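This report concerns only the one structure given below.
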There are 2 protein chains.
Amino acid sequence: MNIQALIAQIHQKKSFLCIGLDVDLDKIPTHLLAEEDSIFEFNKQIIDATHHLAVAYKPNTAFYEAYGLKGWAALGKTIDYLNVNYPEIFTIADAKRGDIGNTSTMYAKAFFEDLNFDSVTVAPYMGSDSVEPFLAFEDKTTILLALTSNKGGLDFQGLKINGNELYKEVIKTALTWKNSENLMFVVGATKPTYFEEIRKIVPNHFLLVPGIGAQGGNLQEVCKYGLNKDCGLLVNSARSIIYASNGLDFAKSAQLEALKLQQEMELILSK
Amino acid sequence: MNIQALIAQIHQKKSFLCIGLDVDLDKIPTHLLAEEDSIFEFNKQIIDATHHLAVAYKPNTAFYEAYGLKGWAALGKTIDYLNVNYPEIFTIADAKRGDIGNTSTMYAKAFFEDLNFDSVTVAPYMGSDSVEPFLAFEDKTTILLALTSNKGGLDFQGLKINGNELYKEVIKTALTWKNSENLMFVVGATKPTYFEEIRKIVPNHFLLVPGIGAQGGNLQEVCKYGLNKDCGLLVNSARSIIYASNGLDFAKSAQLEALKLQQEMELILSK
């Protein structure tokens, strides 16, 4: 799926919500643990209950790898289920990969060909030839970590290079790479005023924004500084939606939480 | 396995060779493609032929993920084979992971508990709480990317922060994290003189050195600046050993290439 189709979906659904599928077997409803594939069954019910409110889903690969082969199989079933049943949805493998050129090509094949995600998150530390193999897939989107929302995010991302923070250098440099029009950037929601400065560097690119909800970011503030003419934001929420309830009503509760965010987004988009 | 056991193994085998198990089905001997699990069969024969010459094996996860479930299963069989048959070997999951705290914990569980590797490589971009969940496994080793050997390695790692390159800031900062005595650092072999400066910051830590062989690094030069009293180096070679031949003699050819490096290492250690 290309960015134009994503923008069309955002306008149609009046939503720029991305739901993080970070499945922890210690947190899902216990009645699902009897299922043969509890992880997939949880995802399937969450997706079925929320697909009309969200434009993207983002499984984080860590939560699948932690369960070994069973987890990797559940990841495959989840992306297949999305691709077959909801082809309009933008899919993100939150994998934060990155390695030397020929190795990054193998990662790109894993997520873009074998699993057939629309996009994958990539870490910038190893530079141009660690990211360009992902960008070489021109019908896919490469989502580069820029400014992350975690406690240690500024340990290195906030260091000053000739007066500019590292995360700004990362964004500026990435714009010089081949096929950089296929980039999105991860920008955490914890400090909304950063979006103002980032929009000066990338007025047109989409930003993937984690940190709304459980991590404490504020949607209104992020939108005030981050929205652009195409919307330009995908706002991710995981725990506050998927773990809204751990009872039999978990999917319905997730839907209600997603609806709250979608309605807030509809109001913002209408302005 | 702890570092003391690794040091003992280095002295016993007179080797600090790590063999990279980066299995590409387009490069392995064609007669293996008829096997039910070609990837594992290739690894098994390489390991059986070289285990007395190497102290560590390092599968890069990209090469397994690219083959989906089959690849992930082959990774699991490979680490199990090493742990059961050659428990003295130090095992490295070259995964370059890193995410926010609770997510990094899931990655740590994947590689340290589910797969039971002795160590995993981790990317520093997201800072302290992306690495400390790995360090919390005190009987395991966390190998942090510092200076990588690829073309784009210096794009960001070489940027100056108050006169010091970013990779030095990464190493210095990591030393302040909890359980930092369980760190190793990835330092590429392409510019051996960098080792002199890095040894001023971390005189005692082990360094994992890719880039010998196919990537063009020079063993003598690396050792001149990088060795310490405990050896302190794990030198990785992948392609030049495992793809020394793609005929029926591939394992024997790999052994001969590994022997050449081991003999060079024995000479260096004897000085």
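So you can find residues: chains in the structure tokens are A, B, ... in the order shown, residues in each start at 1, and ligands are numbered from 1 in order.
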
Please determine the contact residues of chain A with respect to chain B at a cut-off of 6 Å, counting only C-alpha atoms, and supply them as a compact mmCIF listing (two decimals) with N, CA, C and O atoms, in the first residue's frame.
```txt
# COMPACT_ATOMS: atom_id res chain seq x y z
N ALA A 62 9.00 -8.00 19.18
CA ALA A 62 9.54 -8.53 20.44
C ALA A 62 8.55 -9.45 21.13
O ALA A 62 8.91 -10.47 21.70
N PHE A 63 7.26 -9.05 21.08
CA PHE A 63 6.24 -9.80 21.80
C PHE A 63 5.96 -11.15 21.16
O PHE A 63 5.38 -12.02 21.79
N GLU A 65 8.58 -12.83 19.21
CA GLU A 65 9.83 -13.58 19.36
C GLU A 65 9.96 -14.18 20.75
O GLU A 65 10.55 -15.25 20.92
N ALA A 66 9.42 -13.48 21.75
CA ALA A 66 9.53 -13.98 23.12
C ALA A 66 8.86 -15.33 23.29
O ALA A 66 9.19 -16.08 24.20
N ILE A 100 24.40 -4.25 8.48
CA ILE A 100 25.17 -3.90 7.27
C ILE A 100 24.36 -4.28 6.04
O ILE A 100 23.46 -5.12 6.09
N MET A 106 18.33 -8.89 3.89
CA MET A 106 17.65 -10.09 4.38
C MET A 106 16.49 -9.70 5.31
O MET A 106 15.41 -10.30 5.26
N TYR A 107 16.71 -8.70 6.16
CA TYR A 107 15.60 -8.24 7.01
C TYR A 107 14.46 -7.67 6.17
O TYR A 107 13.28 -7.90 6.46
N LYS A 109 13.66 -8.50 3.19
CA LYS A 109 12.94 -9.64 2.59
C LYS A 109 12.02 -10.30 3.62
O LYS A 109 10.92 -10.71 3.30
N ALA A 110 12.51 -10.41 4.85
CA ALA A 110 11.70 -11.06 5.90
C ALA A 110 10.37 -10.32 6.09
O ALA A 110 9.31 -10.93 6.12
N MET A 126 23.45 2.54 12.34
CA MET A 126 24.48 2.04 11.41
C MET A 126 24.52 2.80 10.08
O MET A 126 25.30 2.45 9.19
N GLY A 127 23.69 3.82 9.92
CA GLY A 127 23.84 4.72 8.78
C GLY A 127 23.22 4.25 7.46
O GLY A 127 22.44 3.30 7.42
N SER A 128 23.61 4.96 6.39
CA SER A 128 22.95 4.85 5.09
C SER A 128 22.75 3.43 4.59
O SER A 128 21.63 3.04 4.24
N ASP A 129 23.82 2.64 4.54
CA ASP A 129 23.68 1.32 3.90
C ASP A 129 22.94 0.32 4.79
O ASP A 129 22.67 -0.80 4.36
N ASN A 150 10.77 6.98 25.08
CA ASN A 150 11.14 6.30 26.33
C ASN A 150 12.06 7.17 27.18
O ASN A 150 12.65 8.14 26.71
N GLY A 152 15.08 6.76 28.29
CA GLY A 152 16.46 6.94 27.82
C GLY A 152 16.55 7.53 26.42
O GLY A 152 17.65 7.61 25.86
N GLY A 153 15.42 7.91 25.84
CA GLY A 153 15.41 8.37 24.45
C GLY A 153 16.40 9.49 24.16
O GLY A 153 17.05 9.51 23.11
N ASP A 155 19.19 10.07 25.79
CA ASP A 155 20.58 9.76 26.17
C ASP A 155 21.53 10.06 25.01
O ASP A 155 22.56 10.69 25.20
N ILE A 161 25.00 18.11 18.09
CA ILE A 161 26.01 18.05 17.03
C ILE A 161 26.02 19.44 16.39
O ILE A 161 25.04 19.80 15.73
```

For the alpha helix (DSSP H) assignment from backbone DSSP, which residues of segment 106-180 of chain B qualify? Please present them as a PDB file with N, CA and C atoms, in the first residue's frame.
```
ATOM      1  N   MET B 106      11.089  -8.266  26.565  1.00  0.00           N
ATOM      2  CA  MET B 106      10.584  -9.375  25.750  1.00  0.00           C
ATOM      3  C   MET B 106      11.668  -9.896  24.800  1.00  0.00           C
ATOM      4  N   TYR B 107      12.445  -8.992  24.220  1.00  0.00           N
ATOM      5  CA  TYR B 107      13.562  -9.437  23.364  1.00  0.00           C
ATOM      6  C   TYR B 107      14.588 -10.225  24.178  1.00  0.00           C
ATOM      7  N   ALA B 108      14.873  -9.726  25.381  1.00  0.00           N
ATOM      8  CA  ALA B 108      15.846 -10.429  26.225  1.00  0.00           C
ATOM      9  C   ALA B 108      15.355 -11.841  26.535  1.00  0.00           C
ATOM     10  N   SER B 128      19.433   4.191  27.685  1.00  0.00           N
ATOM     11  CA  SER B 128      19.587   3.326  28.859  1.00  0.00           C
ATOM     12  C   SER B 128      18.507   2.263  29.014  1.00  0.00           C
ATOM     13  N   ASP B 129      17.232   2.680  29.011  1.00  0.00           N
ATOM     14  CA  ASP B 129      16.192   1.697  29.331  1.00  0.00           C
ATOM     15  C   ASP B 129      15.912   0.738  28.181  1.00  0.00           C
ATOM     16  N   SER B 130      16.581   0.944  27.029  1.00  0.00           N
ATOM     17  CA  SER B 130      16.464  -0.036  25.949  1.00  0.00           C
ATOM     18  C   SER B 130      17.524  -1.129  26.071  1.00  0.00           C
ATOM     19  N   VAL B 131      18.553  -0.876  26.876  1.00  0.00           N
ATOM     20  CA  VAL B 131      19.657  -1.841  27.009  1.00  0.00           C
ATOM     21  C   VAL B 131      19.649  -2.517  28.375  1.00  0.00           C
ATOM     22  N   GLU B 132      19.256  -1.766  29.419  1.00  0.00           N
ATOM     23  CA  GLU B 132      19.324  -2.337  30.775  1.00  0.00           C
ATOM     24  C   GLU B 132      18.485  -3.607  30.974  1.00  0.00           C
ATOM     25  N   PRO B 133      17.348  -3.773  30.275  1.00  0.00           N
ATOM     26  CA  PRO B 133      16.624  -5.045  30.432  1.00  0.00           C
ATOM     27  C   PRO B 133      17.449  -6.260  29.985  1.00  0.00           C
ATOM     28  N   PHE B 134      18.362  -6.068  29.044  1.00  0.00           N
ATOM     29  CA  PHE B 134      19.262  -7.163  28.658  1.00  0.00           C
ATOM     30  C   PHE B 134      20.299  -7.375  29.764  1.00  0.00           C
ATOM     31  N   LEU B 135      20.851  -6.265  30.258  1.00  0.00           N
ATOM     32  CA  LEU B 135      21.879  -6.351  31.305  1.00  0.00           C
ATOM     33  C   LEU B 135      21.337  -6.951  32.602  1.00  0.00           C
ATOM     34  N   GLY B 153      28.738   3.397   8.521  1.00  0.00           N
ATOM     35  CA  GLY B 153      28.963   3.327   9.962  1.00  0.00           C
ATOM     36  C   GLY B 153      29.242   4.692  10.597  1.00  0.00           C
ATOM     37  N   LEU B 154      30.006   5.511   9.885  1.00  0.00           N
ATOM     38  CA  LEU B 154      30.375   6.798  10.471  1.00  0.00           C
ATOM     39  C   LEU B 154      29.338   7.903  10.233  1.00  0.00           C
ATOM     40  N   ASP B 155      28.278   7.607   9.454  1.00  0.00           N
ATOM     41  CA  ASP B 155      27.252   8.638   9.183  1.00  0.00           C
ATOM     42  C   ASP B 155      26.814   9.321  10.480  1.00  0.00           C
ATOM     43  N   PHE B 156      26.534   8.511  11.487  1.00  0.00           N
ATOM     44  CA  PHE B 156      26.134   9.065  12.782  1.00  0.00           C
ATOM     45  C   PHE B 156      27.179   8.760  13.861  1.00  0.00           C
ATOM     46  N   GLN B 157      27.749   7.559  13.835  1.00  0.00           N
ATOM     47  CA  GLN B 157      28.709   7.155  14.877  1.00  0.00           C
ATOM     48  C   GLN B 157      29.932   8.072  14.897  1.00  0.00           C
ATOM     49  N   LEU B 166      30.434  10.200  18.434  1.00  0.00           N
ATOM     50  CA  LEU B 166      29.265   9.598  19.089  1.00  0.00           C
ATOM     51  C   LEU B 166      29.576   8.204  19.628  1.00  0.00           C
ATOM     52  N   TYR B 167      30.331   7.387  18.864  1.00  0.00           N
ATOM     53  CA  TYR B 167      30.565   6.011  19.339  1.00  0.00           C
ATOM     54  C   TYR B 167      31.311   6.011  20.665  1.00  0.00           C
ATOM     55  N   LYS B 168      32.162   7.002  20.891  1.00  0.00           N
ATOM     56  CA  LYS B 168      32.846   7.073  22.196  1.00  0.00           C
ATOM     57  C   LYS B 168      31.874   7.482  23.303  1.00  0.00           C
ATOM     58  N   GLU B 169      30.953   8.393  22.978  1.00  0.00           N
ATOM     59  CA  GLU B 169      29.919   8.785  23.954  1.00  0.00           C
ATOM     60  C   GLU B 169      29.065   7.575  24.323  1.00  0.00           C
ATOM     61  N   VAL B 170      28.765   6.752  23.315  1.00  0.00           N
ATOM     62  CA  VAL B 170      27.957   5.553  23.565  1.00  0.00           C
ATOM     63  C   VAL B 170      28.681   4.633  24.545  1.00  0.00           C
ATOM     64  N   ILE B 171      29.953   4.396  24.302  1.00  0.00           N
ATOM     65  CA  ILE B 171      30.707   3.497  25.188  1.00  0.00           C
ATOM     66  C   ILE B 171      30.802   4.092  26.602  1.00  0.00           C
ATOM     67  N   LYS B 172      31.156   5.366  26.685  1.00  0.00           N
ATOM     68  CA  LYS B 172      31.293   6.004  28.008  1.00  0.00           C
ATOM     69  C   LYS B 172      29.981   5.984  28.782  1.00  0.00           C
ATOM     70  N   THR B 173      28.886   6.309  28.088  1.00  0.00           N
ATOM     71  CA  THR B 173      27.588   6.346  28.760  1.00  0.00           C
ATOM     72  C   THR B 173      27.177   4.947  29.205  1.00  0.00           C
ATOM     73  N   ALA B 174      27.411   3.958  28.357  1.00  0.00           N
ATOM     74  CA  ALA B 174      27.013   2.587  28.690  1.00  0.00           C
ATOM     75  C   ALA B 174      27.726   2.091  29.948  1.00  0.00           C
TER      76      ALA B 174
END
```

query = Neighbours of Ala238 of chain B within 10 Å (only C-alpha atoms; same-chain residues fewer than 5 positions away dropped), as a list in words?
reply = Cys18, Ile19, Gly20, Leu21, Asp22, Val23, Tyr57, Lys58, Pro59, Asn60, Pro210, Gly211, Ile212, Gly213, Ala214, Gln215, Tyr243, Ala244, Ala254 and Ala258 of chain B

Kindly save the residues from that selection, with N, CA, C and O atoms included, as a PDB file, in the first residue's frame.
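Everything below was put into selection32.pdb:
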```pdb
ATOM      1  N   CYS B  18      35.491 -16.217  16.258  1.00  0.00           N
ATOM      2  CA  CYS B  18      34.035 -16.371  16.253  1.00  0.00           C
ATOM      3  C   CYS B  18      33.626 -16.616  14.798  1.00  0.00           C
ATOM      4  O   CYS B  18      34.101 -15.923  13.897  1.00  0.00           O
ATOM      5  N   ILE B  19      32.791 -17.602  14.583  1.00  0.00           N
ATOM      6  CA  ILE B  19      32.364 -17.893  13.204  1.00  0.00           C
ATOM      7  C   ILE B  19      30.917 -17.439  13.016  1.00  0.00           C
ATOM      8  O   ILE B  19      30.017 -17.820  13.769  1.00  0.00           O
ATOM      9  N   GLY B  20      30.718 -16.588  12.032  1.00  0.00           N
ATOM     10  CA  GLY B  20      29.384 -16.054  11.744  1.00  0.00           C
ATOM     11  C   GLY B  20      28.574 -17.032  10.913  1.00  0.00           C
ATOM     12  O   GLY B  20      28.993 -17.411   9.817  1.00  0.00           O
ATOM     13  N   LEU B  21      27.448 -17.453  11.453  1.00  0.00           N
ATOM     14  CA  LEU B  21      26.588 -18.410  10.736  1.00  0.00           C
ATOM     15  C   LEU B  21      25.487 -17.639  10.009  1.00  0.00           C
ATOM     16  O   LEU B  21      24.342 -17.599  10.437  1.00  0.00           O
ATOM     17  N   ASP B  22      25.857 -17.013   8.905  1.00  0.00           N
ATOM     18  CA  ASP B  22      24.953 -16.167   8.128  1.00  0.00           C
ATOM     19  C   ASP B  22      24.555 -16.938   6.880  1.00  0.00           C
ATOM     20  O   ASP B  22      25.135 -16.778   5.808  1.00  0.00           O
ATOM     21  N   VAL B  23      23.553 -17.786   7.035  1.00  0.00           N
ATOM     22  CA  VAL B  23      23.259 -18.788   6.008  1.00  0.00           C
ATOM     23  C   VAL B  23      22.329 -18.243   4.931  1.00  0.00           C
ATOM     24  O   VAL B  23      21.175 -17.906   5.208  1.00  0.00           O
ATOM     25  N   TYR B  57      30.207 -18.910  18.168  1.00  0.00           N
ATOM     26  CA  TYR B  57      29.455 -18.886  16.903  1.00  0.00           C
ATOM     27  C   TYR B  57      28.418 -17.783  16.999  1.00  0.00           C
ATOM     28  O   TYR B  57      27.842 -17.551  18.067  1.00  0.00           O
ATOM     29  N   LYS B  58      28.193 -17.129  15.859  1.00  0.00           N
ATOM     30  CA  LYS B  58      27.312 -15.967  15.847  1.00  0.00           C
ATOM     31  C   LYS B  58      26.356 -16.029  14.655  1.00  0.00           C
ATOM     32  O   LYS B  58      26.669 -15.550  13.575  1.00  0.00           O
ATOM     33  N   PRO B  59      25.194 -16.659  14.838  1.00  0.00           N
ATOM     34  CA  PRO B  59      24.178 -16.555  13.779  1.00  0.00           C
ATOM     35  C   PRO B  59      23.592 -15.144  13.757  1.00  0.00           C
ATOM     36  O   PRO B  59      23.277 -14.589  14.812  1.00  0.00           O
ATOM     37  N   ASN B  60      23.497 -14.561  12.580  1.00  0.00           N
ATOM     38  CA  ASN B  60      22.819 -13.268  12.438  1.00  0.00           C
ATOM     39  C   ASN B  60      21.350 -13.548  12.147  1.00  0.00           C
ATOM     40  O   ASN B  60      21.019 -14.226  11.165  1.00  0.00           O
ATOM     41  N   PRO B 210      33.732  -7.580  13.999  1.00  0.00           N
ATOM     42  CA  PRO B 210      33.401  -8.080  12.667  1.00  0.00           C
ATOM     43  C   PRO B 210      34.296  -7.372  11.647  1.00  0.00           C
ATOM     44  O   PRO B 210      34.983  -6.406  11.984  1.00  0.00           O
ATOM     45  N   GLY B 211      34.289  -7.860  10.432  1.00  0.00           N
ATOM     46  CA  GLY B 211      34.992  -7.123   9.381  1.00  0.00           C
ATOM     47  C   GLY B 211      36.332  -7.713   9.005  1.00  0.00           C
ATOM     48  O   GLY B 211      37.023  -7.200   8.139  1.00  0.00           O
ATOM     49  N   ILE B 212      36.730  -8.823   9.675  1.00  0.00           N
ATOM     50  CA  ILE B 212      37.918  -9.564   9.222  1.00  0.00           C
ATOM     51  C   ILE B 212      37.454 -10.481   8.093  1.00  0.00           C
ATOM     52  O   ILE B 212      36.400 -11.082   8.174  1.00  0.00           O
ATOM     53  N   GLY B 213      38.259 -10.569   7.040  1.00  0.00           N
ATOM     54  CA  GLY B 213      37.867 -11.462   5.942  1.00  0.00           C
ATOM     55  C   GLY B 213      37.142 -10.694   4.855  1.00  0.00           C
ATOM     56  O   GLY B 213      37.676  -9.711   4.340  1.00  0.00           O
ATOM     57  N   ALA B 214      35.915 -11.119   4.535  1.00  0.00           N
ATOM     58  CA  ALA B 214      35.200 -10.542   3.388  1.00  0.00           C
ATOM     59  C   ALA B 214      35.101  -9.022   3.453  1.00  0.00           C
ATOM     60  O   ALA B 214      35.116  -8.343   2.433  1.00  0.00           O
ATOM     61  N   GLN B 215      34.983  -8.476   4.679  1.00  0.00           N
ATOM     62  CA  GLN B 215      34.871  -7.025   4.787  1.00  0.00           C
ATOM     63  C   GLN B 215      36.222  -6.303   4.761  1.00  0.00           C
ATOM     64  O   GLN B 215      36.288  -5.085   4.780  1.00  0.00           O
ATOM     65  N   TYR B 243      31.663 -19.940   3.365  1.00  0.00           N
ATOM     66  CA  TYR B 243      31.518 -20.092   1.915  1.00  0.00           C
ATOM     67  C   TYR B 243      32.863 -20.300   1.225  1.00  0.00           C
ATOM     68  O   TYR B 243      33.039 -19.953   0.059  1.00  0.00           O
ATOM     69  N   ALA B 244      33.827 -20.892   1.943  1.00  0.00           N
ATOM     70  CA  ALA B 244      35.145 -21.149   1.346  1.00  0.00           C
ATOM     71  C   ALA B 244      35.006 -22.059   0.122  1.00  0.00           C
ATOM     72  O   ALA B 244      35.768 -21.955  -0.835  1.00  0.00           O
ATOM     73  N   ALA B 254      35.897 -25.009   4.948  1.00  0.00           N
ATOM     74  CA  ALA B 254      35.648 -24.069   6.048  1.00  0.00           C
ATOM     75  C   ALA B 254      36.654 -24.316   7.170  1.00  0.00           C
ATOM     76  O   ALA B 254      37.207 -23.383   7.757  1.00  0.00           O
ATOM     77  N   ALA B 258      39.266 -21.695   8.741  1.00  0.00           N
ATOM     78  CA  ALA B 258      39.249 -21.422  10.188  1.00  0.00           C
ATOM     79  C   ALA B 258      40.614 -21.732  10.795  1.00  0.00           C
ATOM     80  O   ALA B 258      41.106 -20.993  11.658  1.00  0.00           O
TER      81      ALA B 258
END
```

| task | Please run DSSP on the backbone and report, as a list of chain:residue names, all residues within segment 16-127 of chain B that come out as strand (DSSP E). | result | B:Leu17, B:Cys18, B:Ile19, B:Gly20, B:Leu21, B:Ala56, B:Tyr57, B:Lys58, B:Pro59, B:Phe90, B:Thr91, B:Ile92, B:Ala93, B:Asp94, B:Ala95, B:Lys96, B:Arg97, B:Ser119, B:Val120, B:Thr121, B:Val122

Extract, using only C-alpha atoms, all DNA, RNA and protein residues at most 12 Å from Leu267 of chain A, discarding same-chain residues fewer than 3 positions from it, and format them as a list of chain:residue names.
A:Lys14, A:Ser15, A:Phe16, A:Leu219, A:Gln220, A:Cys223, A:Lys260, A:Leu261, A:Gln262, A:Gln263, A:Glu264, A:Ser270, A:Lys271

Export N, CA and C atoms of the chosen residues as a short mmCIF file (atom, residue, chain, number, x, y, z; two decimals), in the first residue's frame?
```cif
data_model
loop_
_atom_site.label_atom_id
_atom_site.label_comp_id
_atom_site.auth_asym_id
_atom_site.auth_seq_id
_atom_site.Cartn_x
_atom_site.Cartn_y
_atom_site.Cartn_z
N LYS A 14 -11.97 9.03 9.01
CA LYS A 14 -11.83 10.15 9.95
C LYS A 14 -11.03 9.71 11.18
N SER A 15 -9.93 9.08 10.90
CA SER A 15 -9.10 8.50 11.95
C SER A 15 -7.66 8.41 11.46
N PHE A 16 -6.73 8.64 12.36
CA PHE A 16 -5.31 8.35 12.05
C PHE A 16 -4.74 7.48 13.17
N LEU A 219 -2.82 13.83 22.87
CA LEU A 219 -3.18 13.85 21.45
C LEU A 219 -3.36 15.28 20.91
N GLN A 220 -4.06 16.12 21.67
CA GLN A 220 -4.33 17.49 21.21
C GLN A 220 -3.03 18.25 20.95
N CYS A 223 -1.12 17.00 17.88
CA CYS A 223 -1.75 17.41 16.62
C CYS A 223 -1.53 18.91 16.35
N LYS A 260 -13.16 6.21 21.38
CA LYS A 260 -12.87 7.49 22.05
C LYS A 260 -11.77 8.24 21.30
N LEU A 261 -10.70 7.52 20.97
CA LEU A 261 -9.59 8.17 20.26
C LEU A 261 -10.01 8.59 18.85
N GLN A 262 -10.78 7.71 18.17
CA GLN A 262 -11.22 8.05 16.81
C GLN A 262 -12.09 9.30 16.83
N GLN A 263 -12.96 9.41 17.81
CA GLN A 263 -13.85 10.58 17.88
C GLN A 263 -13.05 11.85 18.15
N GLU A 264 -12.04 11.72 19.00
CA GLU A 264 -11.17 12.87 19.26
C GLU A 264 -10.44 13.26 17.97
N SER A 270 -11.62 17.74 11.61
CA SER A 270 -12.70 18.58 11.08
C SER A 270 -12.36 20.08 11.19
N LYS A 271 -11.37 20.39 12.00
CA LYS A 271 -11.06 21.81 12.24
C LYS A 271 -10.25 22.41 11.09
#
```
